[in-house]
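Raw contents of coords.cif, mmCIF, C-alpha atoms (C1' of nucleotides):
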data_data
loop_
_atom_site.label_atom_id
_atom_site.label_comp_id
_atom_site.auth_asym_id
_atom_site.auth_seq_id
_atom_site.Cartn_x
_atom_site.Cartn_y
_atom_site.Cartn_z
CA MET A 11 -1.74 8.93 -5.57
CA GLU A 12 -1.89 12.18 -3.61
CA ARG A 13 1.28 11.19 -1.82
CA LYS A 14 3.07 10.71 -5.10
CA LEU A 15 1.75 14.04 -6.21
CA LEU A 16 3.21 15.66 -3.15
CA LEU A 17 6.63 14.10 -3.62
CA LEU A 18 6.68 15.02 -7.28
CA GLY A 19 5.61 18.54 -6.43
CA LEU A 20 8.38 18.97 -3.92
CA LEU A 21 10.97 17.46 -6.23
CA GLN A 22 9.83 19.80 -8.95
CA MET A 23 11.01 22.72 -6.86
CA GLN A 24 14.42 21.16 -6.24
CA GLU A 25 16.00 17.75 -6.25
CA MET A 26 16.28 16.19 -2.83
CA HIS A 27 17.12 13.02 -1.00
CA GLY A 28 14.68 11.05 1.09
CA TYR A 29 15.83 12.29 4.43
CA GLN A 30 15.38 15.87 3.30
CA LEU A 31 11.88 15.16 2.01
CA ASN A 32 10.98 13.47 5.23
CA GLU A 33 12.26 16.39 7.26
CA MET A 34 10.37 18.90 5.18
CA ILE A 35 7.13 17.00 5.38
CA ASP A 36 7.57 16.33 9.03
CA ALA A 37 8.34 19.94 9.80
CA HIS A 38 5.77 21.69 7.66
CA LEU A 39 2.99 19.24 6.97
CA SER A 40 2.74 16.93 9.91
CA THR A 41 -0.19 18.86 11.34
CA SER A 42 -2.28 18.29 8.27
CA ILE A 43 -1.17 15.09 6.67
CA ASP A 44 0.10 11.67 7.66
CA PHE A 45 3.06 10.70 5.60
CA LYS A 46 5.87 8.79 7.18
CA LYS A 47 9.38 7.83 6.30
CA PRO A 48 8.80 4.24 5.24
CA THR A 49 6.11 5.36 2.86
CA ILE A 50 8.29 8.10 1.47
CA TYR A 51 11.16 5.77 0.75
CA LYS A 52 8.87 3.20 -0.75
CA LEU A 53 7.21 5.66 -3.10
CA LEU A 54 10.55 7.15 -4.12
CA GLY A 55 11.71 3.67 -5.05
CA GLN A 56 8.56 2.94 -7.00
CA MET A 57 8.68 6.18 -8.90
CA ARG A 58 12.34 5.67 -9.67
CA ASP A 59 11.55 2.21 -11.00
CA VAL A 60 8.93 3.49 -13.42
CA GLY A 61 11.16 6.30 -14.62
CA TRP A 62 9.47 9.27 -13.03
CA LEU A 63 12.54 9.98 -10.94
CA GLU A 64 16.25 9.71 -11.48
CA GLN A 65 18.47 8.69 -8.64
CA ARG A 66 22.02 9.92 -8.27
CA GLU A 67 24.44 8.85 -5.54
CA GLU A 68 26.14 11.77 -3.94
CA GLU A 69 29.40 10.86 -2.25
CA ALA A 70 30.19 14.23 -0.70
CA GLY A 71 32.57 12.91 1.97
CA ASN A 72 30.00 13.95 4.59
CA ARG A 73 27.83 11.09 5.87
CA PRO A 74 26.41 7.93 4.41
CA PRO A 75 25.99 8.40 0.66
CA ARG A 76 22.89 10.32 -0.25
CA ARG A 77 20.52 9.20 -2.93
CA VAL A 78 19.40 12.38 -4.54
CA TYR A 79 16.21 12.16 -6.58
CA SER A 80 15.37 14.46 -9.41
CA ILE A 81 12.28 14.49 -11.51
CA THR A 82 12.46 13.31 -15.13
CA PRO A 83 10.41 14.57 -18.08
CA ALA A 84 8.17 11.54 -17.66
CA GLY A 85 7.85 12.52 -14.03
CA ARG A 86 6.76 16.01 -14.97
CA ASP A 87 4.12 14.59 -17.24
CA ALA A 88 2.93 12.25 -14.54
CA PHE A 89 2.82 15.13 -12.12
CA LYS A 90 0.61 17.17 -14.41
CA ALA A 91 -1.69 14.22 -15.01
CA LEU A 92 -1.99 13.43 -11.32
CA LEU A 93 -2.53 17.08 -10.55
CA ARG A 94 -5.39 17.42 -13.02
CA GLU A 95 -6.99 14.25 -11.79
CA SER A 96 -6.66 15.14 -8.15
CA LEU A 97 -7.92 18.67 -8.58
CA ALA A 98 -11.01 17.59 -10.45
CA ALA A 99 -12.02 14.78 -8.10
CA TYR A 100 -13.42 15.38 -4.67
CA LYS A 101 -12.99 12.52 -2.24
CA PRO A 102 -15.48 12.75 0.60
CA THR A 103 -14.09 13.10 4.06
CA ASP A 104 -14.60 10.10 6.28
CA PHE A 105 -16.57 10.91 9.42
CA ILE A 106 -16.02 7.63 11.20
CA ASP A 107 -13.95 9.35 13.87
CA HIS A 108 -16.95 11.49 14.74
CA ILE A 109 -19.36 8.65 15.22
CA SER A 110 -19.22 9.02 18.98
CA LEU A 111 -21.25 12.20 18.67
CA ALA A 112 -24.15 10.05 17.52
CA PHE A 113 -24.25 8.34 20.89
CA LEU A 114 -24.11 11.34 23.17
CA ASP A 115 -27.37 10.42 24.80
CA HIS A 116 -25.92 7.28 26.33
CA LEU A 117 -24.04 9.34 28.87
CA SER A 118 -25.32 11.89 31.31
CA PRO A 119 -24.79 15.53 30.38
CA ALA A 120 -22.70 15.91 33.52
CA GLU A 121 -20.30 13.38 32.17
CA THR A 122 -20.52 14.35 28.55
CA VAL A 123 -19.69 18.01 28.81
CA PRO A 124 -16.18 17.67 30.27
CA LEU A 125 -15.33 15.07 27.66
CA LEU A 126 -16.42 17.39 24.90
CA GLU A 127 -14.56 20.29 26.48
CA ASN A 128 -11.48 18.16 26.42
CA ARG A 129 -11.97 17.39 22.77
CA LYS A 130 -12.47 21.05 22.08
CA ALA A 131 -9.24 21.92 23.85
CA GLN A 132 -7.37 19.54 21.60
CA ILE A 133 -8.78 21.12 18.50
CA GLN A 134 -7.88 24.54 19.80
CA ALA A 135 -4.35 23.43 20.58
CA LEU A 136 -3.96 22.16 17.07
CA LEU A 137 -5.39 25.35 15.66
CA HIS A 138 -2.87 27.41 17.56
CA ARG A 139 -0.06 25.23 16.38
CA VAL A 140 -1.13 25.59 12.80
CA GLN A 141 -1.62 29.33 13.11
CA SER A 142 1.81 29.68 14.62
CA TYR A 143 3.56 28.71 11.43
CA ASP A 144 1.13 30.43 9.20
CA PRO A 145 3.85 32.95 8.28
CA HIS A 146 5.47 30.12 6.35
CA GLN A 147 4.11 31.35 3.06
CA GLY A 148 4.73 29.52 -0.16
CA SER A 149 3.00 26.79 -2.01
CA MET A 150 1.63 25.27 1.16
CA GLN A 151 -0.18 28.39 2.21
CA LEU A 152 -3.53 27.31 0.84
CA MET A 153 -3.27 24.06 2.75
CA VAL A 154 -2.68 25.93 5.96
CA GLU A 155 -5.53 28.32 5.37
CA HIS A 156 -7.83 25.47 4.55
CA GLN A 157 -6.94 23.63 7.69
CA ILE A 158 -7.45 26.75 9.77
CA ARG A 159 -10.91 27.18 8.30
CA HIS A 160 -11.65 23.59 8.99
CA LEU A 161 -10.52 23.71 12.58
CA GLU A 162 -12.43 26.90 13.25
CA MET A 163 -15.55 25.26 11.91
CA GLU A 164 -14.99 22.22 14.06
CA ILE A 165 -14.68 24.37 17.16
CA THR A 166 -17.82 26.32 16.40
CA TRP A 167 -19.68 23.13 15.74
CA LEU A 168 -18.50 21.51 18.94
CA GLU A 169 -19.49 24.54 20.92
CA GLU A 170 -22.97 24.27 19.55
CA VAL A 171 -23.14 20.61 20.38
CA ILE A 172 -22.01 21.31 23.93
CA GLU A 173 -24.61 24.00 24.22
CA ARG A 174 -27.28 21.60 23.08
CA VAL A 175 -26.16 18.99 25.56
CA VAL A 176 -26.30 21.51 28.35
CA THR A 177 -29.80 22.59 27.44
CA LYS A 178 -30.76 18.95 26.91
CA GLY A 179 -31.94 19.24 23.37
CA ILE A 180 -30.06 16.19 22.17
CA GLY A 181 -30.91 12.75 20.97
CA MET A 182 -34.06 10.84 20.33
CA PRO A 183 -37.22 12.86 20.47
CA GLY A 184 -38.64 12.04 23.86
CA GLY A 185 -35.52 12.70 25.87
CA THR A 186 -32.26 11.15 26.90
CA HIS A 187 -32.02 7.55 27.87
CA HIS A 188 -28.67 7.07 29.56
CA ASP A 189 -28.59 4.12 31.94
CA ARG A 190 -29.72 4.51 35.47
CA ASN A 191 -26.40 3.44 36.96
CA GLU A 192 -24.98 6.93 37.38
CA MET B 17 -12.28 1.37 17.52
CA GLU B 18 -14.84 3.82 16.15
CA ARG B 19 -16.23 1.09 13.94
CA LYS B 20 -16.70 -1.16 16.92
CA LEU B 21 -18.36 1.70 18.72
CA LEU B 22 -20.78 2.11 15.88
CA LEU B 23 -21.70 -1.55 15.77
CA LEU B 24 -22.15 -1.69 19.52
CA GLY B 25 -24.24 1.44 19.40
CA LEU B 26 -26.54 0.03 16.77
CA LEU B 27 -26.83 -3.31 18.55
CA GLN B 28 -27.68 -1.47 21.71
CA MET B 29 -30.85 -0.23 20.09
CA GLN B 30 -31.85 -3.67 18.91
CA GLU B 31 -30.22 -6.97 18.17
CA MET B 32 -29.49 -7.55 14.53
CA HIS B 33 -27.73 -9.80 12.10
CA GLY B 34 -24.83 -8.78 9.91
CA TYR B 35 -26.79 -8.30 6.76
CA GLN B 36 -29.15 -5.96 8.54
CA LEU B 37 -26.29 -3.95 9.99
CA ASN B 38 -24.71 -3.72 6.61
CA GLU B 39 -27.92 -2.54 5.03
CA MET B 40 -28.50 0.08 7.66
CA ILE B 41 -24.99 1.44 7.41
CA ASP B 42 -25.08 1.34 3.67
CA ALA B 43 -28.41 3.10 3.50
CA HIS B 44 -27.95 5.78 6.12
CA LEU B 45 -24.26 6.27 6.61
CA SER B 46 -22.56 5.57 3.34
CA THR B 47 -22.32 9.26 2.53
CA SER B 48 -20.31 9.97 5.62
CA ILE B 49 -18.39 6.87 6.51
CA ASP B 50 -16.64 3.99 4.85
CA PHE B 51 -17.58 0.72 6.44
CA LYS B 52 -18.02 -2.31 4.28
CA LYS B 53 -19.44 -5.76 4.69
CA PRO B 54 -16.21 -7.71 5.15
CA THR B 55 -15.17 -5.36 7.91
CA ILE B 56 -18.55 -5.59 9.59
CA TYR B 57 -18.51 -9.36 9.62
CA LYS B 58 -14.95 -9.46 10.84
CA LEU B 59 -15.61 -7.09 13.73
CA LEU B 60 -18.79 -8.92 14.71
CA GLY B 61 -16.77 -12.12 14.90
CA GLN B 62 -14.06 -10.50 16.97
CA MET B 63 -16.47 -8.94 19.39
CA ARG B 64 -18.33 -12.19 19.73
CA ASP B 65 -15.05 -13.94 20.51
CA VAL B 66 -14.19 -11.57 23.33
CA GLY B 67 -17.66 -11.78 24.80
CA TRP B 68 -19.02 -8.37 23.89
CA LEU B 69 -21.66 -9.94 21.72
CA GLU B 70 -23.74 -13.05 21.88
CA GLN B 71 -24.60 -14.88 18.71
CA ARG B 72 -27.82 -16.76 18.27
CA GLU B 73 -28.78 -18.81 15.21
CA GLU B 74 -32.26 -18.03 14.03
CA GLU B 75 -33.75 -20.80 11.92
CA ALA B 76 -36.99 -19.04 10.97
CA GLY B 77 -37.74 -21.11 7.87
CA ASN B 78 -37.10 -18.00 5.77
CA ARG B 79 -33.66 -17.91 4.19
CA PRO B 80 -30.19 -19.10 5.12
CA PRO B 81 -29.95 -19.16 8.92
CA ARG B 82 -29.39 -15.74 10.40
CA ARG B 83 -26.78 -15.09 13.01
CA VAL B 84 -28.38 -12.58 15.27
CA TYR B 85 -26.03 -10.64 17.50
CA SER B 86 -27.04 -9.09 20.76
CA ILE B 87 -24.92 -7.05 23.09
CA THR B 88 -23.83 -8.56 26.41
CA PRO B 89 -23.27 -6.72 29.70
CA ALA B 90 -19.55 -6.81 28.96
CA GLY B 91 -20.40 -5.30 25.59
CA ARG B 92 -22.33 -2.50 27.23
CA ASP B 93 -19.37 -1.74 29.44
CA ALA B 94 -17.05 -1.77 26.47
CA PHE B 95 -19.40 0.51 24.61
CA LYS B 96 -19.37 3.05 27.40
CA ALA B 97 -15.61 2.91 27.67
CA LEU B 98 -15.11 3.32 23.95
CA LEU B 99 -17.64 6.10 23.88
CA ARG B 100 -15.90 8.07 26.60
CA GLU B 101 -12.55 7.58 24.99
CA SER B 102 -13.73 8.50 21.54
CA LEU B 103 -15.64 11.57 22.70
CA ALA B 104 -12.69 12.95 24.58
CA ALA B 105 -10.08 12.44 21.89
CA TYR B 106 -9.94 14.49 18.74
CA LYS B 107 -8.20 12.83 15.82
CA PRO B 108 -7.05 15.39 13.30
CA THR B 109 -8.49 15.15 9.83
CA ASP B 110 -6.05 14.10 7.16
CA PHE B 111 -5.69 16.66 4.40
CA ILE B 112 -3.66 14.55 2.02
CA ASP B 113 -6.51 14.48 -0.46
CA HIS B 114 -6.35 18.24 -0.68
CA ILE B 115 -2.67 18.46 -1.46
CA SER B 116 -3.36 19.24 -5.10
CA LEU B 117 -4.52 22.68 -4.06
CA ALA B 118 -0.94 23.39 -3.08
CA PHE B 119 0.15 23.02 -6.68
CA LEU B 120 -2.44 25.15 -8.39
CA ASP B 121 0.18 27.38 -9.88
CA HIS B 122 1.58 24.63 -12.05
CA LEU B 123 -1.43 24.89 -14.34
CA SER B 124 -2.79 27.87 -16.19
CA PRO B 125 -5.87 29.50 -14.68
CA ALA B 126 -7.74 28.67 -17.86
CA GLU B 127 -7.18 25.04 -17.18
CA THR B 128 -7.49 25.17 -13.43
CA VAL B 129 -10.86 26.81 -13.11
CA PRO B 130 -12.93 24.14 -14.88
CA LEU B 131 -11.24 21.44 -12.86
CA LEU B 132 -12.11 23.23 -9.67
CA GLU B 133 -15.64 23.83 -10.83
CA ASN B 134 -15.95 20.14 -11.42
CA ARG B 135 -14.72 19.42 -7.94
CA LYS B 136 -17.18 21.92 -6.58
CA ALA B 137 -20.04 20.27 -8.45
CA GLN B 138 -19.19 16.98 -6.81
CA ILE B 139 -19.26 18.49 -3.37
CA GLN B 140 -22.57 20.10 -4.12
CA ALA B 141 -24.02 16.86 -5.38
CA LEU B 142 -22.97 15.15 -2.19
CA LEU B 143 -24.42 17.96 -0.12
CA HIS B 144 -27.76 17.61 -1.82
CA ARG B 145 -27.76 13.91 -1.31
CA VAL B 146 -27.05 14.33 2.38
CA GLN B 147 -29.65 17.03 2.76
CA SER B 148 -32.20 14.87 1.07
CA TYR B 149 -32.30 12.36 3.86
CA ASP B 150 -31.87 14.89 6.57
CA PRO B 151 -35.47 14.16 7.71
CA HIS B 152 -34.13 10.84 8.91
CA GLN B 153 -33.99 12.05 12.47
CA GLY B 154 -32.69 9.91 15.26
CA SER B 155 -29.33 9.26 16.75
CA MET B 156 -27.55 9.94 13.47
CA GLN B 157 -28.93 13.42 13.17
CA LEU B 158 -25.88 15.10 14.60
CA MET B 159 -23.67 13.27 12.13
CA VAL B 160 -25.76 14.51 9.25
CA GLU B 161 -25.78 18.08 10.50
CA HIS B 162 -22.05 17.95 11.01
CA GLN B 163 -21.45 16.71 7.53
CA ILE B 164 -23.70 19.38 6.08
CA ARG B 165 -21.75 22.05 7.88
CA HIS B 166 -18.56 20.55 6.64
CA LEU B 167 -19.66 20.38 3.04
CA GLU B 168 -20.99 23.92 3.11
CA MET B 169 -17.66 25.08 4.40
CA GLU B 170 -15.83 23.18 1.69
CA ILE B 171 -17.93 24.78 -0.99
CA THR B 172 -17.41 28.27 0.37
CA TRP B 173 -13.72 27.63 0.60
CA LEU B 174 -13.46 26.28 -2.92
CA GLU B 175 -15.36 29.27 -4.26
CA GLU B 176 -12.84 31.54 -2.64
CA VAL B 177 -9.99 29.59 -4.11
CA ILE B 178 -11.53 29.76 -7.56
CA GLU B 179 -12.01 33.47 -7.16
CA ARG B 180 -8.37 33.87 -6.24
CA VAL B 181 -7.27 31.84 -9.21
CA VAL B 182 -9.37 33.98 -11.50
CA THR B 183 -7.92 37.17 -10.12
CA LYS B 184 -4.45 35.60 -10.16
CA GLY B 185 -3.65 36.09 -6.54
CA ILE B 186 -2.34 32.57 -6.05
CA GLY B 187 0.93 30.87 -5.42
CA MET B 188 4.46 32.05 -4.91
CA PRO B 189 4.87 35.77 -4.44
CA GLY B 190 6.08 36.96 -7.78
CA GLY B 191 3.47 35.31 -9.90
CA THR B 192 2.54 31.99 -11.40
CA HIS B 193 5.08 29.76 -13.01
CA HIS B 194 3.21 27.19 -15.02
CA ASP B 195 5.23 25.72 -17.87
CA ARG B 196 5.36 27.38 -21.22
CA ASN B 197 4.08 24.38 -23.12
CA GLU B 198 0.42 25.32 -23.01
"C1'" DA C 10 39.64 6.79 23.49
"C1'" DT C 11 34.83 6.24 24.22
"C1'" DG C 12 30.15 6.83 23.97
"C1'" DA C 13 26.39 9.53 22.29
"C1'" DT C 14 24.32 12.01 18.60
"C1'" DT C 15 23.34 13.20 13.88
"C1'" DA C 16 22.66 12.45 9.17
"C1'" DT C 17 21.54 9.25 6.08
"C1'" DA C 18 19.78 4.89 4.34
"C1'" DG C 19 16.50 1.63 4.52
"C1'" DT C 20 13.54 -2.97 5.92
"C1'" DC C 21 9.94 -5.80 7.64
"C1'" DA C 22 6.25 -7.55 10.19
"C1'" DC C 23 1.90 -5.99 11.36
"C1'" DA C 24 -2.73 -3.93 11.23
"C1'" DT C 25 -6.55 -2.40 8.68
"C1'" DA C 26 -9.97 -2.15 5.22
"C1'" DT C 27 -11.80 -3.44 0.87
"C1'" DG C 28 -12.96 -5.63 -3.80
"C1'" DA C 29 -14.14 -9.51 -5.71
"C1'" DC C 30 -15.56 -13.74 -5.05
"C1'" DT C 31 -18.15 -18.06 -3.19
"C1'" DA C 32 -22.28 -20.45 -1.02
"C1'" DT C 33 -27.11 -21.46 0.16
"C1'" DT C 34 -32.04 -21.21 0.19
"C1'" DT C 35 -36.32 -19.39 -1.20
"C1'" DA C 36 -39.30 -16.63 -4.11
"C1'" DC C 37 -40.57 -14.84 -8.31
"C1'" DT C 38 -40.75 -14.59 -13.55
"C1'" DC C 39 -41.44 -16.45 -18.00
"C1'" DG D 16 -39.49 -26.07 -14.85
"C1'" DA D 17 -35.68 -23.27 -15.51
"C1'" DG D 18 -33.43 -19.32 -14.63
"C1'" DT D 19 -32.83 -15.13 -12.13
"C1'" DA D 20 -33.00 -12.31 -8.11
"C1'" DA D 21 -32.96 -11.57 -3.14
"C1'" DA D 22 -31.64 -12.53 1.47
"C1'" DT D 23 -28.27 -14.21 4.11
"C1'" DA D 24 -23.60 -15.87 5.22
"C1'" DG D 25 -19.01 -15.33 4.74
"C1'" DT D 26 -13.69 -15.63 2.80
"C1'" DC D 27 -9.39 -14.25 0.91
"C1'" DA D 28 -5.95 -12.00 -1.66
"C1'" DT D 29 -4.46 -7.56 -2.08
"C1'" DA D 30 -3.19 -2.80 -1.13
"C1'" DT D 31 -1.72 0.64 1.96
"C1'" DG D 32 0.56 2.79 5.61
"C1'" DT D 33 3.19 2.70 9.87
"C1'" DG D 34 5.95 1.42 14.16
"C1'" DA D 35 9.84 -0.35 15.39
"C1'" DC D 36 13.86 -1.75 14.11
"C1'" DT D 37 18.71 -2.15 11.76
"C1'" DA D 38 22.96 -0.13 9.66
"C1'" DT D 39 26.85 3.15 8.84
"C1'" DA D 40 29.98 6.89 9.06
"C1'" DA D 41 31.26 11.13 10.96
"C1'" DT D 42 31.40 14.38 14.59
"C1'" DC D 43 31.14 16.02 19.29
"C1'" DA D 44 31.35 15.93 24.30
"C1'" DT D 45 33.80 14.10 28.32
#

What do you get writing this file as structure tokens?
Amino acid sequence: MERKLLLLGLLQMQEMHGYQLNEMIDAHLSTSIDFKKPTIYKLLGQMRDVGWLEQREEEAGNRPPRRVYSITPAGRDAFKALLRESLAAYKPTDFIDHISLAFLDHLSPAETVPLLENRKAQIQALLHRVQSYDPHQGSMQLMVEHQIRHLEMEITWLEEVIERVVTKGIGMPGGTHHDRNE
Amino acid sequence: MERKLLLLGLLQMQEMHGYQLNEMIDAHLSTSIDFKKPTIYKLLGQMRDVGWLEQREEEAGNRPPRRVYSITPAGRDAFKALLRESLAAYKPTDFIDHISLAFLDHLSPAETVPLLENRKAQIQALLHRVQSYDPHQGSMQLMVEHQIRHLEMEITWLEEVIERVVTKGIGMPGGTHHDRNE
DNA sequence: ATGATTATAGTCACATATGACTATTTACTC
DNA sequence: GAGTAAATAGTCATATGTGACTATAATCAT
């Protein structure tokens, strides 16, 4: 549903064809959201089929004929409805990708710290990338700011975790229990 | 992969059957991760098939026979490998569920604010729930702390957004452009 | 002329996770 | 004693998203 909302939102600013939408999303949103071409085309087709979008072939002698999508009145209504729904409902973030932090005490601190430093470097790299096209103001500015906040928090948090590992205050009360084979 | 890591990690503490694993995850992790019974059973089967787990039928006259899974040496190796890999690699959080914030200016502030307050209330409710079983210390403690940090940040952020909406400093430079029909 | 690249359109098999459902045995309630 | 709940095991259709691939016409480099 959020993906449809995004497409409708973009098409509300101006009509576009799929390739253009894909480019835009890829260029400006690929750091924060996953949304790939096949999905875009599929959703455009679906929304056209239910009357939220209108499709017009554009034969401008250029390249393969473009299918330009524009939003219909029904589409505008749907957009508003989706927007209200999505704004009001918070969907909890999934932390499954952070589960490894729960098992820190299965590795020696000597081994753990470089791994965590590596992870931290990746977050920092992403942060810099996001900050670099911060100047792209417009409707996506809040998204960018939010992501920056998030990444900064993640870095701070990781630094604290690293610090705790170094000072050995991690894991089960009673001390670490990583295997004896290293 | 992170789900397998979790199962291996839990089975490393003690052998268990699927129902038990499901209960544990449901009781202690359902606020932070999505991991449901069918997936648990499927992964247990897969890991048994590749020799990471050993399955033993337990006929203790109680209820339907339990399949108790215990981790094998190969499983321990796999666990370590997955753990290293997962610790070192940061997978960016997907912000698709926050895309609605990019379209705030399609609604009037009068309508937006209550929706956002509702969203905020949901985050707060979740935060309280998580904080309430914070005392559950143990290997999942870092996860809980992390999630608390995250939720606190989300609340702060949302409050700022609401404030900006109220003072009308949102959206395209040049002012809001929500439709005239309300 | 030819081969590579770009702009545009997709498609399709695959992987993943879940909701809803089915089974079985014992214990507990009325 | 009959019916419901609890403890255990799954299965399976369905939904979703993506990677890798196909297709076509025009332009550009050599």

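Here is the contact set of chain D against chain B, at 8 Å and counting only C-alpha atoms (C1' of nucleotides): DA22, DT23, DA24 and DG25 of chain D.
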
Mind dumping a table of every chain A residue within 6 Å of chain B, with the nearest atom pair and its distance in Å to one decimal, using all atoms listed in the file, sorted by chain and rising number, as a tab-separated table?
residue	atom	partner	partner_atom	distance
A:Ser42	CA	B:Phe111	CA	5.4
A:Ile43	CA	B:Asp110	CA	5.0
A:Leu93	CA	B:Ser116	CA	5.9
A:Leu97	CA	B:Ser116	CA	5.8
A:Ala98	CA	B:Leu131	CA	4.5
A:Ala99	CA	B:Arg135	CA	5.4
A:Tyr100	CA	B:Arg135	CA	5.4
A:Asp104	CA	B:Ile49	CA	5.0
A:Phe105	CA	B:Ile49	CA	5.3
A:Ile106	CA	B:Ile49	CA	5.3
A:Ser110	CA	B:Leu103	CA	5.8
A:Ala112	CA	B:Met156	CA	5.3
A:Leu125	CA	B:Ala104	CA	4.6
A:Leu126	CA	B:Ala104	CA	5.8
A:Asn128	CA	B:Ala104	CA	5.7
A:Arg129	CA	B:Ala104	CA	4.8
A:Gly148	CA	B:Met188	CA	5.4
A:Ser149	CA	B:Ala118	CA	5.3
A:Met150	CA	B:Ala118	CA	5.3
A:Gly181	CA	B:Ser155	CA	5.7
A:Met182	CA	B:Gly154	CA	5.3

Identify every residue of chain C that has at least one atom within 8 Å of any atom of chain B, counting all atoms listed in the file, and report the result as a PDB file with C-alpha atoms (C1' of nucleotides), in the frame of the given file.
ATOM      1  C1'  DA C  26      -9.970  -2.150   5.220  1.00  0.00           C
ATOM      2  C1'  DT C  27     -11.800  -3.440   0.870  1.00  0.00           C
ATOM      3  C1'  DT C  33     -27.110 -21.460   0.160  1.00  0.00           C
ATOM      4  C1'  DT C  34     -32.040 -21.210   0.190  1.00  0.00           C
ATOM      5  C1'  DT C  35     -36.320 -19.390  -1.200  1.00  0.00           C
TER       6       DT C  35
END

Next item on the list: Starting from the displayed file, determine the output of the PyMOL selection byres ((chain C and resi 21) around 12) and express the residue list as number ranges by chain.
Entry: A: 48; C: 19-20, 22-23; D: 33-37

Checklist line | Point (-2.9, -6.5, -1.5) neighbourhood (12 Å, only C-alpha atoms (C1' of nucleotides)) written as a list of chain:residue names | finding: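 Final list of nearby residues, as requested, is C:DT25, C:DA26, C:DT27, C:DG28, D:DC27, D:DA28, D:DT29, D:DA30, D:DT31.
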
Item checked: Matched chain/residue IDs from the PyMOL selection byres ((chain C and resi 39) around 10), as a PyMOL selection string -> (chain C and resi 37-38) or (chain D and resi 17-18)

Restrict the selected residues to C-alpha atoms (C1' of nucleotides) and save them as a PDB file, keeping the file's coordinate frame.
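Result written to selection39.pdb:
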ATOM      1  C1'  DC C  37     -40.570 -14.840  -8.310  1.00  0.00           C
ATOM      2  C1'  DT C  38     -40.750 -14.590 -13.550  1.00  0.00           C
TER       3       DT C  38
ATOM      4  C1'  DA D  17     -35.680 -23.270 -15.510  1.00  0.00           C
ATOM      5  C1'  DG D  18     -33.430 -19.320 -14.630  1.00  0.00           C
TER       6       DG D  18
END

Check: Pick from B:Ile164, B:His144, B:Pro125, B:Leu23: nearest to B:Leu59, with all atoms listed in the file counted?
Finding: B:Leu23

Checklist line | atom CA of A:Glu170 to atom CA of B:Tyr149, distance in Å rounded to a single decimal | finding: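 Between these atoms lies a distance of 21.8 Å.
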
Next item on the list: Figure out the distance between atom CA of B:Ile56 and atom C1' of D:DT26, please, to one decimal in Å.
Entry: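 A separation of 13.1 Å between them.
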
Check: When the PyMOL selection byres ((chain A and resi 79) around 6) is applied to the file above, which residues end up in the set, as a ChimeraX atom specification?
Finding: /A:25-27,64-65,78,80

Check: At what distance in Å, to one decimal, does atom CA of B:Met63 lie from atom CA of B:Ile41?
Finding: 18.0 Å
